[in-house]
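Student: First, the structure itself, so that you have it in front of you.
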Amino acid sequence: MIADTVLLPPSLKGRGAGGVRSALLALLLASCAAPTSVALPTNTPAAISPTAINPTAAATPGTPAPVFNQPIPGGPVLLRADMSLRKLLDVGSGAAKLALNPTDGKLYVLMPTDGVYSVDTGASPTKQQVVSATVLPGMSEGLAFGQDGTMFVVSNLAANHKTTATVRRGKPGGSGSYTWSILAQTVPYALSETYVDHLWNGITVSPDGKYVFVNAGSRTDHGEVESAGFRFPGVRDLPLTARIFRFPIDSDKLQLPDDEAALAALGVVYATGTRNAFDMAFAPNGDLFAIDNGPDADYPDELNWIRQGLNYGFPWRFGLVDNPQQFPNYSPLNDKHLSTDFDAVTRGTYDTDPTFPKAPGGFTDPVINLGPASTEYRADDGTQHDAAAEGKSLNTFTAHRSPLGLAFATDPKLPADLQGNATTLSAFVSSFGAAGGTLTDKGQDLLHMALTKTGDNYQSVTTQIARGFKNPVAAVLIENRYYLLENGGKGAIWEITFK
C-alpha cells in the first residue's frame with residue numbers, strides 16, 4: 001500500500017484489503033434477458049474453479065504493445081505509447097467523487113465533509129467551492145449531474161447509533177448558486193459502527209433523464225450479524241442496505257421506510273444482492289453496469305450488468321463462489337481464503353453461523369473476465385493462481401483490488417482499439433487498490449475492458465494500461481481525455497490523453 005496518508009470516507013473503509021465500499025450500479029431500460037439461475041448446495045460450499053476458455057480469446061487484434069513510461073517523476077506509469085499525462089492539481093486527500101457538469105464542461109469534486117468544488121481543466125487549473133458543507137450535513141459520498149446541470153448529492157448523517165441517507169437535488173440558479181430540495185430520504189437505520197458500514201454512495205442519472213439510481217451499501221462484510229455492541233441483536237443487512245434503488249428524478253421528499261414490503265409497494269428497489277456498488281455507469285447501448293467490491297476474504301470483486309428485479313448474490317455468493325459461512329459445517333480454521341490483516345477476520349466475524357439466512361437462489365452472474373489482467377484467485381487449498389494464464393476465466397476481478405471508477409468510451413478521437421463498436425463496449429475501470437492480503441495483483445491502476453455480450457451476460461478482454469496511482473477513487477472520460485481522482489496522497493487529479 002502507498003505510504004501516504006489516506007483519509008477515507010466511511011464507505012471506502014469497508015475492507016482491510018480491498019476495501020472500498022464500492023459501487024457500480026447498473027440499470028437498464030431495455031434488457032429482458034433471463035438471469036442465470038445458480039443452484040446452491042445444501043451443505044458444501046462451491047470451490048473456486050474458474051471457467052475454462054479458449055486461450056486465444058484473450059488476445060485483442062490491433063492492441064498496441066505495452067510500454068513503460070513515467071513522464072512525471074513519482075507519478076503514475078503509462079503502459080501505452082499513445083498516452084500522455086498531465087497533473088491538473090491537488091484537491092486534498094480524502095476526496096470521494098468526480099463528476100462532469102455537462103452545462104459548463106467543468107469537473108466537480110465531492111469532499112465528504114467539505115462540500116463540492118468545481119475544477120477548471122484549462123491551462124492553469126483551479127478549484128472553487130460551489131457548495132458548502134453546511135448545505136450537505138453528514139458524510140457525502142455520491143455526486144452526479146443531469147443534462148440540465150442539476151446536481152445530485154448523496155449524504156449520510158449519523159446520530160444515536162443510526163444513520164439517515166438523503167438524496168439531495170440542487171437546481172442551478174444564477175451566479176453558480178443552487179436551490180436545494182430533498183429528492184428521497186431514509187428513516188434512521190441501524191449502523192454496525194464498524195468499517196463495513198458502507199452507507200449510501202454511488203449515484204447516476206438515466207440517459208433519458210427520468211430516473212436517478214442510487215447505491216445502498218451493505219452494513220456487513222459478508223452477511224454476518226453486526227449488533228453494534230449488542231444494541232441491535234441479530235441484525236445483519238436491512239431492507240435499506242445492500243441494493244440499488246431507482247427513484248423518479250422529480251420525486252419530492254420521498255420517505256423510505258426500513259421495511260421490505262413497504263419499499264416494494266413504493267416500487268423503488270431496482271436490484272438486490274450487491275455489497276457496495278460504489279460507482280455505476282450507463283454504456284452507450286443503454287445497459288447499466290456497476291462495480292462491486294468483495295469481502296474481507298479472497299473472493300472476487302465484480303463488474304455486474306444491472307437489470308431490474310435481479311439478485312446479484314450478496315451475501316451468499318462472491319463471483320461464482322459460495323460464501324462458506326452459510327453452511328452449517330463451516331469453520332474459519334479450515335478457510336484458506338482468510339488473512340489476518342483484514343478487519344472482519346480480526347474481529348472474528350468469520351465463524352460458524354447456524355442462523356445464516358437461507359439463500360434464495362436464482363443469482364445473476366458477474367461479468368466474465370478473460371484477462372490477461374486482474375484474474376488472480378485463491379484456490380481452496382490456499383494457493384495463488386492466475387485464471388487467464390491457466391486458460392480460464394474469472395467472474396470478475398482479482399480479490400481486494402477495489403474497483404471504484406467506471407467510465408464508458410464513446411468518442412472517435414480515441415485510438416481505434418479503445419473506441420468500442422456495434423458489438424463491443426469499451427470501458428475504463430480504476431482500482432483503489434488492496435490494503436492487505438498476499439495476492440500479488442494489488443490494483444491502484446487503470447484497466448481497459450473490451451466487453452462483448454455472450455448469452456445473458458458480458459465477457460471482457462481486460463488489459464492494464466496504467467499503474468502506480470495513489471488510491472484512485474473516481475474518474476470521468478471527456479472525449480479522448482481520461483480524468484482520474486486520487487483519494488490518497490494529496491488528492492491529485494490526473495489527465496490522461498489518448499492520441
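The chains in the C-alpha cells are called A, B, ... from first to last as shown; in each chain the residues are counted from 1, and the ligands are counted from 1 in the order shown.
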Counting only C-alpha atoms, which residues in region 439-469 of chain A sit no more than 12 Å from region 281-284 of chain A? For each one, give the nearest pair of atoms and the distance in Å, sorted by chain then residue number, as CSV.
Tutor:
```
residue,atom,partner,partner_atom,distance
A:Ala450,CA,A:Ala283,CA,12.0
A:Leu451,CA,A:Ala283,CA,10.3
A:Thr452,CA,A:Ala283,CA,11.8
```
Student: Name the residues in contact with His448 (chain A) at a cut-off of 6 Å, using only C-alpha atoms, excluding same-chain residues fewer than 6 positions from it; report them as a ChimeraX atom specification.
Tutor: /A:427-428,462-463
Student: Of the candidates A:Thr364, A:Ala387, A:Asn285, A:Asn329, which one gets nearest to Ser426 (chain A) if we count only C-alpha atoms?
Tutor: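 Ranked by minimum distance to Ser426 (chain A), first place goes to A:Asn285.
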Student: As a ChimeraX atom specification, list the residues of region 127-249 of chain A assigned to helix (DSSP H, G or I) by DSSP on the backbone atoms of this structure.
Tutor: /A:133-135,174-176
Student: Select, from A:Leu107, A:Met83, A:Leu414, A:Val116, the residue with the minimum atom-to-atom distance to Tyr483 (chain A), counting only C-alpha atoms.
Tutor: A:Leu107
Student: Which of these residues is nearest to Val235 (chain A), using only C-alpha atoms: A:Ser181, A:Asn156, A:Pro357, A:Ala264?
Tutor: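 Closest residue, counting only C-alpha atoms: A:Pro357.
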Student: Would you give me, as a PyMOL selection string, the residues in region 215-390 of chain A that DSSP reads as strand (DSSP E)?
Tutor: chain A and resi 215-216+243-248+254-256+269-272+280-282+288-292+302-306+317-318+321-322+368-372+376-378+384-386
Student: Pull the closest atom pair for each residue of region 252-305 of chain A that gets at most 7 Å from region 197-206 of chain A, along with the distance in Å to one decimal, counting only C-alpha atoms, ordering rows by chain and then ascending residue number, as CSV.
Tutor:
```
residue,atom,partner,partner_atom,distance
A:Asn276,CA,A:His198,CA,6.7
A:Ala277,CA,A:Gly202,CA,6.7
A:Phe278,CA,A:Gly202,CA,4.7
A:Asp279,CA,A:Gly202,CA,5.0
A:Met280,CA,A:Thr204,CA,6.6
A:Ala281,CA,A:Thr204,CA,6.7
```
Student: Any idea what's packed within 10 Å of Phe498 (chain A), counting only C-alpha atoms, ignoring anything in its chain fewer than 3 positions away? Could you give it as a PDB file with C-alpha atoms, in the first residue's frame?
Tutor:
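And here's out.pdb as it stands now:
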```
ATOM      1  CA  ARG A  80       0.743   2.533 -23.970  1.00  0.00           C
ATOM      2  CA  ALA A  81       2.784   4.714 -26.320  1.00  0.00           C
ATOM      3  CA  ASP A  82      -0.318   6.679 -27.366  1.00  0.00           C
ATOM      4  CA  MET A  83      -0.947   8.088 -23.857  1.00  0.00           C
ATOM      5  CA  SER A  84       0.236  11.383 -22.385  1.00  0.00           C
ATOM      6  CA  LEU A  85      -0.075  12.623 -18.811  1.00  0.00           C
ATOM      7  CA  LYS A 413     -10.918  10.717 -31.039  1.00  0.00           C
ATOM      8  CA  LEU A 414      -9.858   7.685 -29.023  1.00  0.00           C
ATOM      9  CA  PRO A 415      -7.498   5.097 -30.545  1.00  0.00           C
ATOM     10  CA  LEU A 418     -10.416   1.845 -27.306  1.00  0.00           C
ATOM     11  CA  GLU A 479     -13.717  12.771 -25.497  1.00  0.00           C
ATOM     12  CA  ASN A 480     -10.176  11.295 -25.513  1.00  0.00           C
ATOM     13  CA  ARG A 481      -9.205  12.673 -22.078  1.00  0.00           C
ATOM     14  CA  TYR A 482      -9.495  10.492 -19.001  1.00  0.00           C
ATOM     15  CA  GLU A 495      -5.447  13.958 -17.061  1.00  0.00           C
TER      16      GLU A 495
END
```
Student: Which of these residues is nearest to Asp411 (chain A), using only C-alpha atoms: A:Asp445, A:Leu477, A:Ser93, A:Leu370?
Tutor: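 Selected residue with least distance to Asp411 (chain A): A:Leu477.
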Student: Which residue is closest to Gly75 (chain A)? Choose from A:Lys87, A:His400, A:Arg169, A:Lys442 and count only C-alpha atoms.
Tutor: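 Closest residue, counting only C-alpha atoms: A:Lys87.
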Student: Between CA of Ile368 (chain A) and CA of Asp292 (chain A), what distance in Å does the model show, to one decimal?
Tutor: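 These atoms are spaced 13.8 Å apart.
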Student: Within 10 Å of Gln70 (chain A), counting only C-alpha atoms, which residues qualify if same-chain residues fewer than 3 places away don't, as number ranges by chain?
Tutor: A: 67, 73-79, 84-85, 466-468
Student: Nearest to Gly391 (chain A) among A:His161, A:Gly420, A:Pro372, A:Ser132, with distances taken over only C-alpha atoms: which residue is it?
Tutor: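 Smallest separation from Gly391 (chain A) among the options: A:Pro372.
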Student: As a compact mmCIF listing (two decimals) with N, CA and C atoms, in the first residue's frame, please: the residues near Val476 (chain A) (cut-off 8 Å, only C-alpha atoms, same-chain neighbours under 6 positions excluded).
Tutor:
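Result written to around_27.txt:
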```txt
# COMPACT_ATOMS: atom_id res chain seq x y z
N LEU A 98 -15.84 12.32 -8.46
CA LEU A 98 -15.54 13.25 -9.54
C LEU A 98 -16.66 13.13 -10.56
N ALA A 99 -17.20 14.27 -11.02
CA ALA A 99 -18.31 14.24 -11.97
C ALA A 99 -18.18 15.40 -12.95
N LEU A 100 -18.74 15.21 -14.14
CA LEU A 100 -18.75 16.24 -15.17
C LEU A 100 -20.10 16.93 -15.19
N ALA A 407 -16.07 4.19 -16.43
CA ALA A 407 -16.44 5.12 -17.49
C ALA A 407 -16.44 4.39 -18.82
N TYR A 482 -9.03 11.25 -20.17
CA TYR A 482 -9.49 10.49 -19.00
C TYR A 482 -8.99 11.20 -17.74
N TYR A 483 -9.92 11.60 -16.88
CA TYR A 483 -9.57 12.30 -15.65
C TYR A 483 -9.75 11.35 -14.47
N LEU A 484 -8.69 11.19 -13.70
CA LEU A 484 -8.71 10.25 -12.58
C LEU A 484 -8.42 10.99 -11.29
```
Student: Give me, please, the distance in Å between CA of Gln464 (chain A) and CA of Ser374 (chain A), quoted to one decimal.
Tutor: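 About the pair CA of Gln464 (chain A) and CA of Ser374 (chain A): they are 8.2 Å apart.
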Student: Just to confirm, what's the straight-line distance from CA of Gly361 (chain A) to CA of Pro324 (chain A) in Å (one decimal)?
Tutor: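 Rounded to one decimal, the two atoms are 14.8 Å apart.
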Student: Pro137 (chain A): which residues within 9 Å, counting only C-alpha atoms, same-chain residues fewer than 5 positions away excluded, as a ChimeraX atom specification?
Tutor: /A:113,155-157
Student: Store the residues of this selection in a file with N, CA and C atoms, as a compact mmCIF listing (two decimals), in the first residue's frame.
Tutor:
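Writing done, so here's result_29.txt:
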```txt
# COMPACT_ATOMS: atom_id res chain seq x y z
N THR A 113 -16.82 15.76 3.73
CA THR A 113 -17.29 16.65 4.79
C THR A 113 -16.98 18.12 4.50
N SER A 155 -25.91 11.90 0.80
CA SER A 155 -25.27 12.15 2.09
C SER A 155 -25.79 11.17 3.14
N ASN A 156 -25.00 11.01 4.20
CA ASN A 156 -25.35 10.12 5.31
C ASN A 156 -25.07 10.84 6.62
N LEU A 157 -26.08 10.91 7.48
CA LEU A 157 -25.95 11.63 8.74
C LEU A 157 -26.21 10.66 9.90
```
Student: Hey, what's within 8 Å of Thr396 (chain A) if we count only C-alpha atoms and toss same-chain stuff fewer than 5 positions away? As a VMD selection string, please?
Tutor: chain A and resid 300 to 303 319 366 to 369 375
Student: Save the residues we just selected, N, CA and C atoms, as a PDB file, in the first residue's frame?
Tutor:
```
ATOM      1  N   PRO A 300     -13.634 -12.853  -5.438  1.00  0.00           N
ATOM      2  CA  PRO A 300     -13.509 -11.821  -6.476  1.00  0.00           C
ATOM      3  C   PRO A 300     -14.324 -10.558  -6.213  1.00  0.00           C
ATOM      4  N   ASP A 301     -13.755  -9.433  -6.641  1.00  0.00           N
ATOM      5  CA  ASP A 301     -14.536  -8.217  -6.853  1.00  0.00           C
ATOM      6  C   ASP A 301     -15.288  -8.392  -8.173  1.00  0.00           C
ATOM      7  N   GLU A 302     -16.310  -7.551  -8.402  1.00  0.00           N
ATOM      8  CA  GLU A 302     -17.205  -7.826  -9.524  1.00  0.00           C
ATOM      9  C   GLU A 302     -17.488  -6.599 -10.379  1.00  0.00           C
ATOM     10  N   LEU A 303     -17.796  -6.846 -11.634  1.00  0.00           N
ATOM     11  CA  LEU A 303     -18.500  -5.913 -12.506  1.00  0.00           C
ATOM     12  C   LEU A 303     -19.796  -6.595 -12.894  1.00  0.00           C
ATOM     13  N   GLY A 319     -18.464 -13.449  -6.814  1.00  0.00           N
ATOM     14  CA  GLY A 319     -18.107 -14.044  -8.097  1.00  0.00           C
ATOM     15  C   GLY A 319     -19.045 -15.203  -8.349  1.00  0.00           C
ATOM     16  N   PRO A 366     -21.736 -12.333 -12.342  1.00  0.00           N
ATOM     17  CA  PRO A 366     -20.954 -11.149 -12.707  1.00  0.00           C
ATOM     18  C   PRO A 366     -20.367 -11.304 -14.113  1.00  0.00           C
ATOM     19  N   VAL A 367     -19.896 -10.197 -14.666  1.00  0.00           N
ATOM     20  CA  VAL A 367     -19.238 -10.203 -15.972  1.00  0.00           C
ATOM     21  C   VAL A 367     -18.053 -11.164 -15.952  1.00  0.00           C
ATOM     22  N   ILE A 368     -17.830 -11.822 -17.069  1.00  0.00           N
ATOM     23  CA  ILE A 368     -16.741 -12.789 -17.215  1.00  0.00           C
ATOM     24  C   ILE A 368     -15.474 -12.059 -17.651  1.00  0.00           C
ATOM     25  N   ASN A 369     -14.393 -12.239 -16.910  1.00  0.00           N
ATOM     26  CA  ASN A 369     -13.104 -11.629 -17.241  1.00  0.00           C
ATOM     27  C   ASN A 369     -12.194 -12.675 -17.876  1.00  0.00           C
ATOM     28  N   THR A 375      -6.918 -11.342 -13.041  1.00  0.00           N
ATOM     29  CA  THR A 375      -7.588 -12.650 -12.950  1.00  0.00           C
ATOM     30  C   THR A 375      -6.934 -13.564 -11.916  1.00  0.00           C
TER      31      THR A 375
END
```
